[in-house]
>>> print(open('target.cif').read())   # mmCIF, C-alpha atoms and all ligand atoms
data_model
loop_
_atom_site.label_atom_id
_atom_site.label_comp_id
_atom_site.auth_asym_id
_atom_site.auth_seq_id
_atom_site.Cartn_x
_atom_site.Cartn_y
_atom_site.Cartn_z
CA MET A 267 76.07 96.50 94.50
CA PHE A 268 73.13 98.75 93.65
CA ASP A 269 69.77 97.18 94.51
CA LYS A 270 67.22 98.59 92.10
CA GLU A 271 64.36 96.78 93.85
CA LYS A 272 65.03 98.76 97.04
CA CYS A 273 65.22 102.18 95.37
CA THR A 274 62.09 104.34 95.85
CA LEU A 275 63.52 107.21 93.75
CA CYS A 276 63.27 109.50 96.79
CA GLY A 277 66.35 111.50 95.71
CA GLU A 278 67.87 111.65 99.24
CA CYS A 279 71.23 110.40 98.00
CA LEU A 280 71.84 113.32 95.64
CA MET A 281 70.15 115.90 97.89
CA LYS A 282 72.34 115.11 100.89
CA CYS A 283 75.54 114.88 98.81
CA HIS A 284 77.76 117.80 99.87
CA TYR A 285 79.31 118.06 96.43
CA LEU A 286 76.12 117.97 94.31
CA ALA A 287 73.52 119.25 96.82
CA TYR A 288 70.67 118.95 94.29
CA SER A 289 67.12 120.12 94.92
CA GLU A 290 64.62 117.32 95.54
CA GLU A 291 63.20 117.64 92.03
CA LYS A 292 66.60 117.54 90.33
CA ALA A 293 67.82 114.72 92.55
CA LYS A 294 64.86 112.50 91.63
CA LEU A 295 65.22 113.33 87.94
CA GLU A 296 68.97 112.70 87.75
CA PHE A 297 68.81 109.51 89.76
CA LYS A 298 66.12 108.15 87.41
CA LYS A 299 68.46 108.93 84.52
CA LEU A 300 71.21 106.92 86.24
CA ILE A 301 68.87 103.95 86.57
CA ASP A 302 67.71 104.24 82.95
CA GLY A 303 71.28 104.52 81.65
CA GLU A 304 70.78 108.07 80.34
CA ASP A 305 73.42 110.81 80.40
CA THR A 306 73.50 112.87 83.59
CA PRO A 307 76.05 115.33 85.06
CA VAL A 308 76.22 113.14 88.18
CA THR A 309 78.79 110.82 86.61
CA ALA A 310 81.27 113.64 85.93
CA ASP A 311 80.66 115.61 89.15
CA CYS A 312 80.41 112.85 91.77
CA ILE A 313 83.75 112.73 93.61
CA THR A 314 83.39 109.02 94.53
CA CYS A 315 83.25 109.52 98.33
CA ALA A 316 80.58 106.78 98.71
CA ALA A 317 78.67 108.86 101.32
CA CYS A 318 75.39 108.38 99.46
CA ASN A 319 75.54 104.65 100.28
CA MET A 320 75.04 105.84 103.87
CA PHE A 321 72.51 108.56 103.02
CA CYS A 322 70.16 106.12 101.27
CA PRO A 323 67.39 105.21 103.75
CA GLU A 324 66.67 101.97 101.86
CA GLY A 325 70.19 100.55 101.75
CA ALA A 326 70.14 100.51 97.93
CA ASN A 327 73.84 101.50 97.51
CA PRO A 328 73.40 104.38 95.03
CA PHE A 329 77.15 105.05 94.81
CA ASP A 330 77.71 101.60 93.33
CA LEU A 331 75.33 102.49 90.47
CA ILE A 332 76.98 105.90 89.98
CA ASN A 333 80.43 104.30 89.91
CA ASP A 334 79.35 101.70 87.33
CA ARG A 335 77.89 104.46 85.15
CA GLN A 336 81.10 106.47 85.54
CA GLU A 337 83.01 103.57 84.05
CA GLU A 338 80.46 102.82 81.29
CA THR A 339 80.28 106.43 80.11
CA GLY A 340 83.93 107.39 80.66
CA THR A 341 82.68 110.77 81.91
CA PHE A 342 84.54 110.66 85.24
CA LYS A 343 87.98 111.92 84.32
CA VAL A 344 91.08 111.87 86.48
CA GLU A 345 94.62 112.90 85.64
CA GLU A 346 96.83 110.37 83.90
CA GLN A 347 99.20 110.35 86.88
CA THR A 348 96.40 109.02 89.12
CA ILE A 349 95.95 106.03 86.81
CA ARG A 350 99.74 105.55 86.82
CA MET A 351 99.77 105.67 90.63
CA PHE A 352 97.16 102.89 90.90
CA ASN A 353 98.96 100.79 88.30
CA MET A 354 102.21 101.35 90.18
CA ALA A 355 100.62 100.24 93.49
CA SER A 356 99.90 96.77 92.11
CA ALA A 357 103.37 96.55 90.51
CA LEU A 358 105.33 97.42 93.69
CA PRO A 359 107.85 94.72 94.71
CA SER A 360 106.27 92.47 97.34
CA SER A 361 107.76 90.97 100.46
CA VAL A 362 106.84 88.99 103.52
CA ILE A 363 108.86 90.07 106.54
CA LYS A 364 108.74 86.99 108.73
CA GLY A 365 108.20 87.54 112.42
CA ASP A 366 107.48 85.43 115.46
CA PRO A 367 104.98 82.70 114.43
CA GLU A 368 103.12 83.33 117.71
CA LYS A 369 102.59 87.02 116.84
CA PRO A 370 99.97 88.43 114.42
CA VAL A 371 100.24 88.82 110.65
CA MET A 372 99.58 92.29 109.29
CA ASN A 373 98.99 93.47 105.73
CA LEU A 374 100.54 96.90 105.26
CA CYS A 375 99.38 97.34 101.66
CA THR A 376 100.72 100.82 100.83
CA VAL A 377 100.85 102.23 104.39
CA ASP A 378 104.60 101.63 104.48
CA ILE A 379 105.06 104.79 102.39
CA LEU A 380 104.85 106.85 105.60
CA PRO A 381 108.15 106.96 107.50
CA GLY A 382 108.22 106.13 111.20
CA VAL A 383 104.76 104.55 111.29
CA ILE A 384 105.48 100.82 111.49
CA GLU A 385 107.66 101.09 114.58
CA GLY A 386 107.44 100.35 118.28
CA GLN A 387 105.87 97.73 120.48
CA LEU A 388 102.56 97.56 118.57
CA PHE A 389 104.36 95.94 115.65
CA GLU A 390 107.12 94.00 117.45
CA GLY A 391 107.52 90.44 116.16
CA MET A 392 104.69 90.71 113.64
CA THR A 393 104.86 89.12 110.21
CA LEU A 394 104.41 91.99 107.76
CA LEU A 395 103.06 91.74 104.22
CA LYS A 396 103.72 94.56 101.81
CA GLY A 397 103.84 95.43 98.14
CA GLY A 398 101.75 94.95 95.02
CA GLU A 399 100.64 91.38 95.76
CA TYR A 400 98.90 92.70 98.87
CA PHE A 401 97.32 95.77 97.27
CA CYS A 402 93.52 95.44 97.43
CA TYR A 403 92.45 97.48 94.36
CA LEU A 404 89.59 99.30 96.18
CA GLY A 405 91.26 102.63 95.27
CA TRP A 406 90.21 102.09 91.65
CA VAL A 407 86.69 103.27 92.52
CA HIS A 408 88.31 106.72 92.76
CA ALA A 409 89.53 106.40 89.20
CA GLY A 410 85.98 105.55 88.06
CA LYS A 411 86.98 101.96 87.26
CA PRO A 412 85.12 99.65 89.67
CA SER A 413 85.57 96.67 87.31
CA MET A 414 89.21 96.56 88.45
CA LEU A 415 88.01 95.42 91.88
CA LYS A 416 86.08 92.47 90.51
CA GLN A 417 88.87 91.51 88.12
CA ASN A 418 91.51 91.40 90.86
CA ALA A 419 89.60 90.46 94.03
CA GLN A 420 90.29 86.72 93.79
CA LYS A 421 94.01 87.32 93.22
CA PHE A 422 94.16 89.59 96.29
CA VAL A 423 92.42 87.00 98.48
CA ASP A 424 94.57 84.15 97.08
CA ASN A 425 97.80 86.03 97.85
CA LEU A 426 96.69 86.51 101.46
CA VAL A 427 95.59 82.86 101.73
CA LYS A 428 99.06 81.74 100.55
CA THR A 429 100.56 83.18 103.77
CA GLY A 430 98.73 80.42 105.68
CA ALA A 431 97.56 82.91 108.32
CA LYS A 432 94.26 82.20 110.10
CA GLU A 433 93.88 85.87 111.05
CA ILE A 434 95.20 88.93 109.22
CA ILE A 435 95.21 92.49 110.52
CA LEU A 436 94.54 95.04 107.78
CA PHE A 437 96.29 98.35 108.37
CA HIS A 438 94.69 100.00 105.36
CA ASP A 439 90.96 100.69 105.68
CA ASP A 440 90.55 99.95 101.94
CA CYS A 441 91.83 96.37 102.41
CA TYR A 442 89.37 95.73 105.23
CA ALA A 443 86.52 97.21 103.15
CA MET A 444 87.49 94.94 100.26
CA LEU A 445 87.54 91.79 102.42
CA SER A 446 84.55 92.54 104.64
CA ASN A 447 82.29 93.81 101.89
CA LYS A 448 83.32 93.82 98.25
CA VAL A 449 84.76 90.32 97.84
CA LYS A 450 81.60 88.86 99.41
CA GLU A 451 79.56 90.77 96.85
CA PHE A 452 81.65 89.01 94.18
CA GLY A 453 80.90 85.62 95.77
CA ILE A 454 84.50 85.06 96.91
CA ASN A 455 85.11 83.07 100.09
CA VAL A 456 87.59 84.51 102.61
CA PRO A 457 88.97 81.57 104.61
CA PHE A 458 90.79 83.67 107.23
CA LYS A 459 89.59 86.22 109.79
CA SER A 460 90.02 89.87 108.79
CA ILE A 461 90.85 92.20 111.66
CA HIS A 462 90.61 95.94 111.25
CA ILE A 463 93.60 97.93 112.55
CA ILE A 464 91.32 99.87 114.93
CA GLU A 465 90.07 96.61 116.43
CA TYR A 466 93.66 95.43 116.88
CA LEU A 467 94.67 98.73 118.52
CA ARG A 468 91.65 98.71 120.85
CA ASP A 469 92.41 95.15 121.98
CA TYR A 470 96.14 95.87 122.34
CA VAL A 471 95.41 98.88 124.55
CA LYS A 472 92.98 96.83 126.67
CA ASP A 473 95.71 94.20 127.17
CA HIS A 474 98.32 96.85 128.07
CA ILE A 475 96.12 99.29 129.96
CA ASP A 476 98.68 99.61 132.79
CA GLU A 477 101.17 101.11 130.31
CA ILE A 478 98.74 103.75 129.01
CA GLU A 479 99.03 107.37 130.02
CA LYS A 480 95.82 109.14 128.96
CA LEU A 481 96.50 111.86 126.40
CA ASN A 482 93.67 114.23 127.37
CA ILE A 483 93.40 115.87 123.98
CA LYS A 484 90.54 116.82 121.69
CA VAL A 485 90.78 115.50 118.16
CA ALA A 486 88.94 115.60 114.86
CA TYR A 487 88.90 112.33 112.95
CA GLN A 488 89.37 112.21 109.17
CA GLN A 489 87.21 109.25 108.23
CA PRO A 490 88.36 107.47 105.07
CA CYS A 491 85.81 106.96 102.29
CA ALA A 492 86.27 103.18 102.56
CA SER A 493 84.91 103.21 106.14
CA ARG A 494 81.46 103.60 104.59
CA TYR A 495 81.62 99.93 103.59
CA HIS A 496 82.00 98.79 107.23
CA PHE A 497 80.67 101.53 109.49
CA ASP A 498 80.45 99.22 112.53
CA ILE A 499 84.16 99.92 113.15
CA ASP A 500 83.23 103.49 114.19
CA SER A 501 81.99 102.35 117.61
CA ILE A 502 85.28 100.45 118.16
CA LEU A 503 87.10 103.70 117.38
CA GLY A 504 85.01 105.33 120.13
CA ASP A 505 86.16 102.63 122.59
CA LEU A 506 89.80 103.13 121.57
CA PHE A 507 89.64 106.90 121.97
CA GLU A 508 88.13 106.54 125.43
CA LEU A 509 90.82 104.09 126.52
CA ILE A 510 93.64 106.46 125.53
CA GLY A 511 91.96 109.63 126.84
CA VAL A 512 91.06 111.20 123.51
CA GLU A 513 87.90 113.23 123.01
CA ARG A 514 86.50 113.19 119.47
CA VAL A 515 84.96 116.61 118.92
CA SER A 516 81.46 116.81 117.52
CA ARG A 517 81.56 118.57 114.18
CA LYS A 518 79.57 119.08 111.00
CA TYR A 519 81.76 116.97 108.70
CA GLN A 520 81.81 113.70 110.58
CA ARG A 521 80.56 110.14 110.12
CA GLU A 522 78.09 110.01 107.17
CA ASN A 523 78.79 113.71 106.55
CA ALA A 524 82.58 113.37 106.54
CA LEU A 525 84.28 115.10 103.64
CA CYS A 526 86.80 113.61 101.23
CA CYS A 527 90.39 114.44 102.24
CA GLY A 528 90.72 116.22 98.90
CA GLY A 529 92.92 113.62 97.23
CA VAL A 530 90.28 112.52 94.72
CA GLN A 531 89.09 116.03 93.92
CA ARG A 532 92.66 117.12 93.26
CA SER A 533 93.00 114.42 90.64
CA MET A 534 89.69 115.20 88.87
CA ILE A 535 90.17 117.11 85.64
CA ASN A 536 86.92 119.10 85.98
CA VAL A 537 87.69 120.32 89.55
CA SER A 538 89.97 123.36 89.81
CA LYS A 539 92.84 123.45 92.28
CA GLU A 540 91.12 126.38 93.98
CA GLU A 541 87.88 124.44 94.44
CA SER A 542 89.60 121.40 95.90
CA GLU A 543 91.62 123.66 98.26
CA ASN A 544 88.37 125.32 99.39
CA TRP A 545 86.91 121.95 100.35
CA ARG A 546 90.05 120.99 102.27
CA MET A 547 89.92 124.26 104.17
CA LYS A 548 86.20 123.83 104.98
CA ASN A 549 87.06 120.48 106.49
CA LEU A 550 90.02 121.75 108.53
CA LEU A 551 88.27 124.90 109.73
CA ASP A 552 85.28 122.80 110.81
CA ALA A 553 87.70 120.67 112.86
CA LYS A 554 89.44 123.68 114.35
CA GLU A 555 86.28 125.63 115.15
CA SER A 556 84.86 122.55 116.86
CA GLY A 557 87.69 122.71 119.37
CA ALA A 558 90.03 120.04 118.01
CA GLU A 559 93.74 120.30 118.84
CA ALA A 560 94.78 117.47 116.57
CA MET A 561 93.68 115.73 113.37
CA VAL A 562 93.69 111.95 113.42
CA PHE A 563 94.03 109.90 110.24
CA LEU A 564 93.59 106.28 109.31
CA CYS A 565 94.26 106.27 105.56
CA PRO A 566 97.76 107.12 104.25
CA ILE A 567 96.31 109.02 101.29
CA CYS A 568 94.35 111.26 103.70
CA VAL A 569 97.62 111.82 105.60
CA LEU A 570 99.43 112.91 102.44
CA SER A 571 96.53 115.12 101.43
CA LEU A 572 95.96 116.94 104.72
CA ARG A 573 98.84 116.59 107.21
CA SER A 574 100.74 119.76 106.26
CA ARG A 575 97.56 121.81 105.88
CA ALA A 576 96.31 120.56 109.27
CA LYS A 577 99.62 121.46 110.91
CA ALA A 578 99.41 124.96 109.38
CA GLN A 579 96.00 125.35 111.05
CA GLY A 580 97.42 124.36 114.43
CA LEU A 581 95.97 120.84 114.25
CA GLU A 582 98.75 118.36 115.06
CA PRO A 583 98.44 115.47 112.57
CA TYR A 584 98.61 111.85 113.74
CA ILE A 585 98.05 108.56 112.03
CA ILE A 586 95.96 106.55 114.48
CA SER A 587 98.62 104.00 115.47
CA ASN A 588 101.00 106.83 116.36
CA LEU A 589 98.42 108.31 118.70
CA VAL A 590 98.33 104.95 120.49
CA ARG A 591 102.13 104.84 120.56
CA LEU A 592 102.10 108.28 122.17
CA ALA A 593 99.74 107.00 124.86
CA LEU A 594 102.16 104.07 125.38
CA GLY A 595 104.90 106.63 126.07
CA GLU A 596 106.84 105.99 122.85
CA GLU A 597 108.84 108.59 121.00
CA LEU A 598 107.57 109.30 117.47
CA THR A 599 110.72 109.45 115.37
CA ASN A 600 109.07 111.17 112.39
CA GLY A 601 106.33 113.08 114.21
CA GLY A 602 102.72 111.97 114.30
CA ALA A 603 102.18 111.54 110.57
CA GLY A 604 105.53 111.25 108.86
CA LYS A 605 107.25 114.17 107.25
CA ILE A 606 105.55 117.60 107.18
CA PHE A 607 106.12 119.90 104.23
CA ASN A 608 105.79 123.64 104.72
S1 LIG B 701 79.62 109.27 96.06
FE1 LIG B 701 79.83 111.17 97.25
S2 LIG B 701 80.11 112.75 95.72
FE2 LIG B 701 79.25 110.96 94.66
S3 LIG B 701 77.04 111.32 94.64
FE3 LIG B 701 77.54 110.00 96.41
S4 LIG B 701 77.77 111.47 98.11
FE4 LIG B 701 77.93 112.65 96.21
S1 LIG B 702 69.22 105.11 95.94
FE1 LIG B 702 68.27 105.38 97.94
S2 LIG B 702 68.43 107.55 98.41
FE2 LIG B 702 68.83 107.31 96.22
S3 LIG B 702 66.87 107.63 95.22
FE3 LIG B 702 67.04 105.43 95.57
S4 LIG B 702 66.10 105.05 97.58
FE4 LIG B 702 66.42 107.27 97.42
#
>>> encode(input="target.cif", output="structure tokens")
Amino acid sequence: MFDKEKCTLCGECLMKCHYLAYSEEKAKLEFKKLIDGEDTPVTADCITCAACNMFCPEGANPFDLINDRQEETGTFKVEEQTIRMFNMASALPSSVIKGDPEKPVMNLCTVDILPGVIEGQLFEGMTLLKGGEYFCYLGWVHAGKPSMLKQNAQKFVDNLVKTGAKEIILFHDDCYAMLSNKVKEFGINVPFKSIHIIEYLRDYVKDHIDEIEKLNIKVAYQQPCASRYHFDIDSILGDLFELIGVERVSRKYQRENALCCGGVQRSMINVSKEESENWRMKNLLDAKESGAEAMVFLCPICVLSLRSRAKAQGLEPYIISNLVRLALGEELTNGGAGKIFN
């Protein structure tokens, strides 16, 4: 939630934004317009990456204000098929695949769309939740409709509570962001422990360290936008990479400066295909020129957006759990990130 009391109108948020890159004067002017509810090009041009919530030195959450204004003004326009996709996500048939009661419960949300990912010893015996009842709605920020989160947050939490689990692992970064940040903002109590997939993987590797063969590869990490709601997980990712012998290259577009995978830009009506392709290439070339041999993903949408393009640049794509499976000596039946299209 935007905190107007904290905002000093310094303009940093819109100056540091890679997609707007305003001058200091323009940034201050346009941000004041956002606060005052006046028209500004920010609402149409912001690509909803949430990076400015990290750029703000005061912790005022400027993206949350921008996103609210996007919805109020209707100036952030995405293709109809994007709206259909989000509506479809919550309408997907749901199921609970019962596992060993002694083993963890994991919410797959929409991750199950990638073939060959939920396989192997990491997932053996788990109870798996999937389908529309377990969709967290955070993706609606990328359709410029943040009210959908508030409207559906209680239902999402209630559906997870009904499983009776005391701890739930969230495979999708969006789900963890929703539970660790957004639902609290809405005053909703979460009576179970939320565990991020990276935390689960780190702890699993620690417990099975004798089975790990270090990979000795250099990777670039495609940070999902949702990670900006819970950035503390980044240090756990560092621990995990070290345990499996992965070096995360230092590059321009990382952490607070990470770029969008291109999925949102591609759906925006006022962004040309050429422009969104240029941003994707900037991201991949930055990874390649920084010495990465592979591109590691956490979010399934980032995988769909970049895996084939990464492969074409010589960067082997992996979703993070598959990288761990590789270190455990498992065969990846569908490659590192599901099917690759040429
Ligand atoms: S959300 Fe991203 S694109 Fe939008 S203003 Fe903030 S940094 Fe820029
Ligand atoms: S939201 Fe933060 S970064 Fe943006 S103008 Fe206000 S204080 Fe500065």
>>> atom_distance(input="target.cif", atom1="atom CA of Cys526 of chain A", atom2="atom CA of His496 of chain A")
16.7 Å
>>> residues_around(input="target.cif", residues="Met320 of chain A", least_positions_apart="6", cutoff="10 Å", atoms="all atoms listed in the file", output="list in words")
Cys279, Ala326, Asn327, Pro328, Phe329, Arg494, Tyr495, Phe497, Arg521, Glu522 and Asn523 of chain A
>>> residues_around(input="target.cif", residues="Val308 of chain A", least_positions_apart="5", cutoff="12 Å", atoms="all atoms listed in the file", output="ChimeraX atom specification")
/A:279-281,283,285-288,292-301,303,313-314,328-329,331-336,339,341-342
>>> atom_distance(input="target.cif", atom1="atom S2 of ligand LIG 702 (chain B)", atom2="atom CA of Lys282 of chain A")
8.9 Å
>>> residues_near_ligand(input="target.cif", ligand="ligand LIG 702 (chain B)", cutoff="6 Å", atoms="only C-alpha atoms and all ligand atoms", output="list in words")
Cys273, Thr274, Leu275, Cys276, Gly277, Glu278, Cys279, Cys322, Pro323, Glu324, Ala326 and Pro328 of chain A
>>> closest_residue(input="target.cif", among="A:Glu399, A:Asp366, A:Glu451, A:Glu477", to="Asp330 of chain A", atoms="all atoms listed in the file")
A:Glu451
>>> atom_distance(input="target.cif", atom1="atom CA of Ala317 of chain A", atom2="atom CA of Ala492 of chain A")
9.6 Å
>>> residues_around(input="target.cif", residues="segment 417-433 of chain A", least_positions_apart="3", cutoff="8 Å", atoms="only C-alpha atoms", output="ChimeraX atom specification")
/A:370-371,399-403,413-414,444-445,449,454,456-461
>>> residues_around(input="target.cif", residues="Ser361 of chain A", least_positions_apart="2", cutoff="12 Å", atoms="all atoms listed in the file", output="number ranges by chain")
A: 358-359, 363-364, 373-375, 378, 393-401, 425-426, 429
>>> closest_residue(input="target.cif", among="A:Val485, A:Met267, A:Cys441, A:Ala409", to="Glu346 of chain A", atoms="only C-alpha atoms")
A:Ala409
>>> closest_residue(input="target.cif", among="A:Asn549, A:Gln488, A:Ser289, A:Thr309", to="ligand LIG 701 (chain B)", atoms="only C-alpha atoms and all ligand atoms")
A:Thr309
>>> axis_aligned_box(input="target.cif", around="ligand LIG 701 (chain B)", padding_each_side="3 Å", output="lines of an AutoDock Vina configuration file")
center_x = 78.6
center_y = 111.0
center_z = 96.4
size_x = 9.1
size_y = 9.5
size_z = 9.5
>>> residues_around(input="target.cif", residues="Ile464 of chain A", least_positions_apart="3", cutoff="8 Å", atoms="only C-alpha atoms", output="list in words")
Leu467, Arg468, Ile499, Ile502, Leu503 and Leu506 of chain A
>>> closest_residue(input="target.cif", among="A:Asp311, A:Glu479, A:Asp552, A:Asp439", to="Ala524 of chain A", atoms="all atoms listed in the file")
A:Asp552
>>> closest_residue(input="target.cif", among="A:Val383, A:Leu404, A:Met372, A:Val530", to="ligand LIG 701 (chain B)", atoms="all atoms listed in the file")
A:Val530
